[in-house]
Amino acid sequence: MVQPLKPKSDSSPSGAPVSGRAWLMLALATVGFAVNFWAWALLSPLGPRFKDFLDLSSFQQSLLVAVPVVVGSLGRIPVGALTDRFGGRIMFPIVSGATIVPVLYLGLAGHSSLAALLVGGFFLGIGGTAFAVGVPFVNAWFPPERRGLAIGVFGVGMGGTAISALTTVKLVDAHSMSTPFLITAAVLAAYAVVAGLLLRDAPGRTAPTEPPARRLAATFKLGITWQASALYAVAFGGYVAFSVYLPTYLKTGYGLTQADAANRMAGFVLLAVAMRPVGGWLSDRLGPVRVLAGSLAVVVVGAVVQSLTPALAPVGTIAFLAMAGALGAGSGATFALVALLTPANQVGSVTGVVGAAGGLGGFVPPLVMGSLYGQYGTYAAGLVLLAIVAAVALGFTLTGVRSTVQGGDRAPRTGRGRRHPRAHTTA
């Protein structure tokens, strides 16, 4: 693992070009993230269809699409710790191979009842843990001043949800319910083989020797763990919530067809994906606090506007796209903050906890939106809640997080990463 206290151990010297192998590893990790997220999101586009076919309530439909999210989120905590111990070269093929099982189950037998779908969705959450494998893997290959961009590029893999949105319903309509699941399983298998053959952990990576429980306890003692978790729960949680619930929202609230709603959700996802590396890149130059503050301010405004349920064209579309870009940039900035302040040998563990918080942040809103719509017949209250939460996160960013970054996270810690060159200029 890279040891930030000793600049010579970076994969490249400060200011020097990053090696071609590092970029290749980044590309392979990004593909793996995308493929696993594609699998993770298979149920979301089919939510409205299952609702009609199985006569589900709004809450049951929300639960169906949210279960993979919460399992994939909580699973990031042990997977992140295992990645610190065994490395991404081992963990990427394992996670990808394990995800094949629930994908095949859902495609061949597990879509005939709500109970079967929930069981399959539970294990489908394994695909969501790939994020906790990729961040420490990529982080170790890049020097500190390039990690914001590198982690942002890796974050493009969350566009796997867009692949699901664009293809799942069309494949079911053209062929059968099992088709998208069988295709995804085949792609997962191919990636697991390629990853096993080509992935390599960064030179000099050192595996921690402490027991997992002790390492996890140390992770929870880090201030950055809690700060980044809170921010990621809003930024990435908001992205996940919209990516799994937007088709239902648009179909119910605006009367769009299932295919049209899925296509619009894909547009939301693609913009958020495109903005994630931009958020990381800007954080390398301006500091993550500024990027996070700007992103959260846009979310506040967009949520307030959309709570008024404006016409979809053009105001509603602009509001959603603005929030998509802001949530993507904010997600990238959050992990630029993690790379800035996390000890090198704890990046996987911190990533697991922060990633879990982000996924859980995406688990709650669909349930809240479904419940509120079922009770009041409108989504306005849910969007007002989003605006309030984003406003609180904005205030926290400009106070607590800014203070931590300006202070360089000075608490004495063994192996703490060296300060980012722009740590003192982010206020």
# chains A, B, ... in the order shown; residues from 1 in each chain; ligands from 1
call {"tool": "closest_atom_pairs", "arguments": {"of": "segment 205-248 of chain A", "to": "segment 131-142 of chain A", "cutoff": "12 Å", "atoms": "only C-alpha atoms", "output": "JSON lines"}}
result
{"residue": "A:Arg205", "atom": "CA", "partner": "A:Ala140", "partner_atom": "CA", "distance": 7.3}
{"residue": "A:Thr206", "atom": "CA", "partner": "A:Ala140", "partner_atom": "CA", "distance": 10.2}
{"residue": "A:Ala207", "atom": "CA", "partner": "A:Pro136", "partner_atom": "CA", "distance": 11.8}
{"residue": "A:Phe236", "atom": "CA", "partner": "A:Phe131", "partner_atom": "CA", "distance": 11.9}
call {"tool": "residues_around", "arguments": {"residues": "Leu56 of chain A", "least_positions_apart": "5", "cutoff": "12 Å", "atoms": "only C-alpha atoms", "output": "list in words"}}
result
Gly47, Pro48, Arg49, Phe50, Lys51, Gln61, Ser62, Leu63, Leu64, Ser113, Leu114, Ala115 and Gly370 of chain A
call {"tool": "closest_atom_pairs", "arguments": {"of": "segment 136-188 of chain A", "to": "segment 33-37 of chain A", "cutoff": "6 Å", "atoms": "only C-alpha atoms", "output": "Markdown table"}}
result
| residue | atom | partner | partner_atom | distance |
| --- | --- | --- | --- | --- |
| A:Gly157 | CA | A:Ala34 | CA | 4.0 |
| A:Met158 | CA | A:Ala34 | CA | 5.6 |
| A:Gly160 | CA | A:Ala34 | CA | 4.2 |
| A:Thr161 | CA | A:Phe37 | CA | 5.8 |
call {"tool": "write_last_selection", "arguments": {"atoms": "N, CA, C and O atoms", "output": "PDB file, in the first residue's frame"}}
result
ATOM      1  N   GLY A 157     -17.827   4.242 -12.901  1.00  0.00           N
ATOM      2  CA  GLY A 157     -18.399   2.907 -12.933  1.00  0.00           C
ATOM      3  C   GLY A 157     -19.807   2.830 -12.385  1.00  0.00           C
ATOM      4  O   GLY A 157     -20.546   1.882 -12.681  1.00  0.00           O
ATOM      5  N   MET A 158     -20.217   3.833 -11.605  1.00  0.00           N
ATOM      6  CA  MET A 158     -21.595   3.817 -11.118  1.00  0.00           C
ATOM      7  C   MET A 158     -22.584   3.972 -12.271  1.00  0.00           C
ATOM      8  O   MET A 158     -23.780   3.761 -12.104  1.00  0.00           O
ATOM      9  N   GLY A 160     -22.954   1.920 -14.365  1.00  0.00           N
ATOM     10  CA  GLY A 160     -23.538   0.612 -14.615  1.00  0.00           C
ATOM     11  C   GLY A 160     -25.037   0.606 -14.391  1.00  0.00           C
ATOM     12  O   GLY A 160     -25.764  -0.165 -15.023  1.00  0.00           O
ATOM     13  N   THR A 161     -25.509   1.483 -13.498  1.00  0.00           N
ATOM     14  CA  THR A 161     -26.955   1.584 -13.302  1.00  0.00           C
ATOM     15  C   THR A 161     -27.649   2.115 -14.549  1.00  0.00           C
ATOM     16  O   THR A 161     -28.805   1.782 -14.809  1.00  0.00           O
TER      17      THR A 161
END
call {"tool": "closest_residue", "arguments": {"among": "A:Ala380, A:Met369, A:Leu106, A:Ala185", "to": "Pro310 of chain A", "atoms": "only C-alpha atoms"}}
result
A:Ala380
call {"tool": "residues_around", "arguments": {"residues": "Gly237 of chain A", "least_positions_apart": "2", "cutoff": "12 Å", "atoms": "only C-alpha atoms", "output": "PyMOL selection string"}}
result
chain A and resi 66+69-70+73+229-235+239-245+324+327-328+330-331+354-366+386+389-390
call {"tool": "residues_around", "arguments": {"residues": "segment 397-403 of chain A", "least_positions_apart": "6", "cutoff": "12 Å", "atoms": "only C-alpha atoms", "output": "PyMOL selection string"}}
result
chain A and resi 223-232+234+287-297+330+333-334+337-338+341+390-391+409-410+423-427
call {"tool": "atom_distance", "arguments": {"atom1": "atom CA of Asp52 of chain A", "atom2": "atom CA of Gly110 of chain A"}}
result
16.7 Å
call {"tool": "residues_around", "arguments": {"residues": "Ala329 of chain A", "least_positions_apart": "3", "cutoff": "7 Å", "atoms": "only C-alpha atoms", "output": "VMD selection string"}}
result
chain A and resid 275 to 276 278 to 279 295 325 to 326 332 to 333
